[in-house]
Structure formats: structure tokens, C-alpha cells
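Chemist: Sending over a structure as C-alpha cells; questions will come in a sec.
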Amino acid sequence: MRSILQALVDEWGKEEVTETLGVLTRSSLDPTGESATKPKRRRSTVRMRLSATGQIQQLELEGEKKEALLRLAERYDLKRFLPSVADVREFLTMMDERPIGMKDRKEAFRTLLRSLMRLPVERLRQLALTAQHSGPSELGPLSDAIAAAGGRLPRRQQANHGEPKWRPELVPTIFFDTNVLRYFARAFRDTSVDPELKQHFAVSPISLLELLSELATSDANQAFQTVRALPNIFDTDRLPLLPWEDDVFRVLIFNLPQPQSRLPELLGNATRRVFDAKDPDDIKEDARQLREMMDQGKFEATEDFARLLNSWRAHGGVADEEHRRIFATSIARRAGLPPEGIDVDNVIEKLNALWVYEQERLTNAAAERAYEPHRHENDVYDAQQLVYLAHPGLHFLTCDRGFRKAAGALQFDRIHWEPNQIFENPVEATRVMRSIILQ
């Protein structure tokens, strides 16, 4: 009995469980139900606890930040943002807080508010937007993809048992940066990649999301044609989508099971909607929301990098051992694991291309006094591509010289660079891809 009650309290909070038990108890003692509905006189010394909205309204705060917090509080009160105490605890854990002894959801907002106050206005708006679009049934396929991938709002802790599931179906498997996909779309607009080659191709979520988000830009027509050419490059009946990077960390770095994810289904639906659309205007609004999410994600990650860079310059960097530890523990958190007891050397080895790339990026930026992080925002999504090289059967094909920052990494021989004109020629592109598969 105790374990059942504890589970209920963990999920719904002590207040709601207590109130519900009280109603049930009064109903069982009074079959007429009169005592359950009869108003009780409250002692005048008892102060009503404020809702989330009420707490924000009492803040001595004005302007855009208060407005953004109010929108988020309204969704919190409606249980459209962090609907259970367990969700609040996990969100705070992701914010590097330690939510100790949190049992009541209404009171939990006071603790949550301290973390929310530290976030910039744009991040608060993005959280409110994602909370507003929390139900996939309410949205179009592209917006569903936003709900699945955009805010990366907290999800329930995945059980750390069972067998890891994800592996490429055929090795070697080639995945591509977004620019290569654009060039391929031109090369294979009127012809198809050989079927035996298609079996060795995969697409990373970040590349596909970037393409879909471009439907809201001045290059919408080109992006539209690129996405519609994908069936000539991939087997789109079963979209060969790589996992989200957090799941790669779980499966390939820490040997944990892959959690269930609707991302492949949602991105597949979004892609098929583009296939069925007459022109980019049919999906412009969904694409606009996705574009805002992608831009916001780059902005926030770049702001984090700028803070790291300023600290690095101010303190003259950190010792290599400490830098390695910070990197490894941040990966562990992304996988939903506590940072204590992590095998740092194992993480560095399996994510060696990412580690070398980020090290080079930071040291180059620190040495260049005029370096402006926001002029290099694309580095954020470029780095995410390198995560997949943790699997020895995956090869990355790019035309971006920026990936030479990973030179010297253990996995650098699986980063294949070719000039962009190669990818615009179907014969040359096929030759390059065959050479990778047969090497």
C-alpha cells in the first residue's frame, strides 16, 4: 500500500492525492454525499496558496519577461506545461538544480520559478510555445516535429535496463550534411540513386530539420524541390532516420536501451506532407514555426558557447583533465545519467571527433580576440553531426571545410570531404559514394 501511495504522490503531488483521498473518505462515510459537498469553514489564519499565475502577478517585474512568465504560468496552471511533479523534478534536474523533497506541484512552482527567472526572454517564449503545442493531435506534421524535437522539454526518465536496440541496418552507412543533400537534390532530380546504394544511406534528424525549416525562408522554392527529390536518394517509404543525439549517447556510449521515440514517424509524416503539397505556401506556417525553433536553438547554444568562451579567456582556460571531465559529465547528463562515476576516457574515445572539434573550436575562438560567436552559429548543428561517428560503421559525407577542425581525431578517416561540384554531378557523386562503401 505504501509503495502505491508513494507512486501516486510522486506523479501527482501530495496536495492532489490528499484532497482526492479526503473526498473519497467523506463519500464512503456519508452515502448521501452531503458532507463531501458541504462547505467547510476555514480558519482565518490559513492563507490560500497562490497559483502559478498568481505568483507571477505578485512579482515586481515589468515588460517582456513578466509577460513571457505569465504565459508559461497560465499553461502550468492548466497542466499543459510540466503536468506532474515528476516532470517538474526532471526539468529542474536538466537545469542543474537538485529538487529535493518536492511533493506538491503547486508549491513546486516556487522552486521552478527561481530557475525560470534566470532564462532569457526568448527561451521563456520558446518554452511557452512548446507547451502550447504539446498535443500532436492538434498540429500539422511539421509542428508535430517541433513538439518532438524542438523544445527538448523534459521527458520521463527512461528505465536503464534492457538491451540497446539501435544499429545501422547495413554497414558502412553514409549520412550527409545539409549542403550535400541540397546538391544531391539537383544531381538526382530527374534520376535515382542505384537501389543497392540507397540501402547504405541514412539521414540525420538535424539535416532533415534544417531542410524543412528552410521552407520558411527566401529559399523556400529551392528547399521545396530539395525535399521533393529525396525519394530519388533515400527509401522514403521507411525513412532511414538516425536517432536523436541524446539516444545515441544512451545506446552507443553508455550501452543503455534506446527509449521509444515518435520522431521518425513525425519527421516521416512532415516529409510526406511536403511531397503532397502543391507549393511551399501550403506548408509555410508550419515551416515558420520550425524555423523559429531551429534559430532559437542555435541562438541559445551560441550564447552558452559565448559564456564559456568569456570564462575561458578570463581564467586562461582549464586543465586538460578538468576539461575532459566537464565534457564527459555533460554527455552523461544528456543521456539521463548522474555525472558521478562516468568513465571519462570511454566517452572521449567514442566521441573523439566531437571532442577534438569542440576543443579546436574553443581554442581557435579564444586566440582570436575579434571572434564573434554569433557569426559562427552554424557550428552548433555541424557539431551534432559528429555524434554519429561513435558507431564505427557510420561515415559522414560533407563539402564543408569547417569539419577539418576534427583533424587528428580517431574517427577523422570517416569524415569524407569533397568539393560541392562533385555532388552536383550524378556520375561523380555515385563514384564517391561507391568508394566509401567498398573501401
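By convention in this document, the chains of the C-alpha cells carry letters A, B, ... by their order, each chain's residues are numbered from 1, and ligands are numbered from 1 in the order they are shown.
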List the neighbours of Glu122 (chain A) out to 9 Å using only C-alpha atoms; skip same-chain residues closer than 2 positions along the sequence, and give me the result as an MDAnalysis selection string.
Modeler: chainID A and resid 65 68 119:120 124:127 296 300
Chemist: Running DSSP on the backbone, which parts of region 275-439 of chain A land in helix (DSSP H, G or I), as a ChimeraX atom specification?
Modeler: /A:275-276,280-315,320-334,344-350,352-367,373-376,379-390,401-406,412-414,420-423,426-438
Chemist: Might you pull out every residue within 8 Å of Ser115 (chain A), with only C-alpha atoms counted and same-chain residues fewer than 3 positions away left off, and present them as a ChimeraX atom specification?
Modeler: /A:92,95,111-112,118-119
Chemist: Could you please take those selected residues and save N, CA and C atoms as a compact mmCIF listing (two decimals), in the first residue's frame?
Modeler:
```txt
# COMPACT_ATOMS: atom_id res chain seq x y z
N LEU A 92 13.95 20.50 -13.57
CA LEU A 92 14.93 21.15 -12.71
C LEU A 92 16.27 20.43 -12.74
N MET A 95 18.15 21.51 -15.55
CA MET A 95 18.65 22.86 -15.33
C MET A 95 19.77 22.88 -14.29
N THR A 111 9.90 26.79 -6.55
CA THR A 111 11.27 26.37 -6.85
C THR A 111 11.56 26.51 -8.34
N LEU A 112 10.59 26.10 -9.15
CA LEU A 112 10.74 26.19 -10.59
C LEU A 112 10.96 27.64 -11.03
N ARG A 118 16.07 32.88 -14.41
CA ARG A 118 17.43 33.00 -14.95
C ARG A 118 17.47 32.88 -16.47
N LEU A 119 16.37 32.42 -17.07
CA LEU A 119 16.35 32.21 -18.51
C LEU A 119 16.09 33.51 -19.25
```
Chemist: Show which residues sit within 12 Å of Gln57 (chain A), as a ChimeraX atom specification. Count only C-alpha atoms, and ignore same-chain residues fewer than 2 positions away.
Modeler: /A:50-55,59-62,65-71,73-74
Chemist: List every residue of region 191-392 of chain A that DSSP, applied to the backbone of this structure, assigns to strand (DSSP E or B), and report them as a ChimeraX atom specification.
Modeler: /A:201-203,241
Chemist: Just to be explicit: take each residue in the selection above, keep N, CA and C atoms, and write the result as an mmCIF file, in the first residue's frame.
Modeler:
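File produced: part_31.cif:
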```cif
data_model
loop_
_atom_site.group_PDB
_atom_site.id
_atom_site.type_symbol
_atom_site.label_atom_id
_atom_site.label_comp_id
_atom_site.auth_asym_id
_atom_site.auth_seq_id
_atom_site.Cartn_x
_atom_site.Cartn_y
_atom_site.Cartn_z
ATOM 1 N N PHE A 201 22.417 4.377 -47.159
ATOM 2 C CA PHE A 201 22.272 5.793 -46.832
ATOM 3 C C PHE A 201 21.380 5.970 -45.610
ATOM 4 N N ALA A 202 21.665 7.009 -44.846
ATOM 5 C CA ALA A 202 20.815 7.423 -43.727
ATOM 6 C C ALA A 202 20.815 8.945 -43.676
ATOM 7 N N VAL A 203 19.841 9.489 -42.983
ATOM 8 C CA VAL A 203 19.758 10.945 -42.834
ATOM 9 C C VAL A 203 19.695 11.278 -41.350
ATOM 10 N N LEU A 241 16.141 7.181 -40.809
ATOM 11 C CA LEU A 241 16.498 8.300 -39.940
ATOM 12 C C LEU A 241 17.382 7.830 -38.793
#
```
Chemist: Taking into account only C-alpha atoms, which residue in the set A:Glu368, A:Ile331, A:Arg189, A:Phe403 is nearest to Asn346 (chain A)?
Modeler: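 Using only C-alpha atoms, the shortest distance to Asn346 (chain A) belongs to A:Ile331.
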Chemist: By how many Å are CA of Glu418 (chain A) and CA of Ala406 (chain A) apart?
Modeler: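 Separation of CA of Glu418 (chain A) and CA of Ala406 (chain A): 15.6 Å.
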Chemist: Between A:Ala220, A:Leu337, A:Leu266, A:Val85, which residue has the minimum interatomic distance to Asp104 (chain A), considering only C-alpha atoms?
Modeler: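 That would be A:Val85, the residue with the smallest distance to Asp104 (chain A).
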Chemist: What's around region 389-396 of chain A at 7 Å? Count only C-alpha atoms, leave out sequence neighbours fewer than 5 positions away in its own chain, and write the answer as a PyMOL selection string.
Modeler: chain A and resi 171-176+252+350-351+411+414-416
Chemist: Rounded to one decimal place, report the CA of Phe412 (chain A)-CA of Asp400 (chain A) distance in Å.
Modeler: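 Computed distance, CA of Phe412 (chain A) to CA of Asp400 (chain A), equals 13.9 Å.
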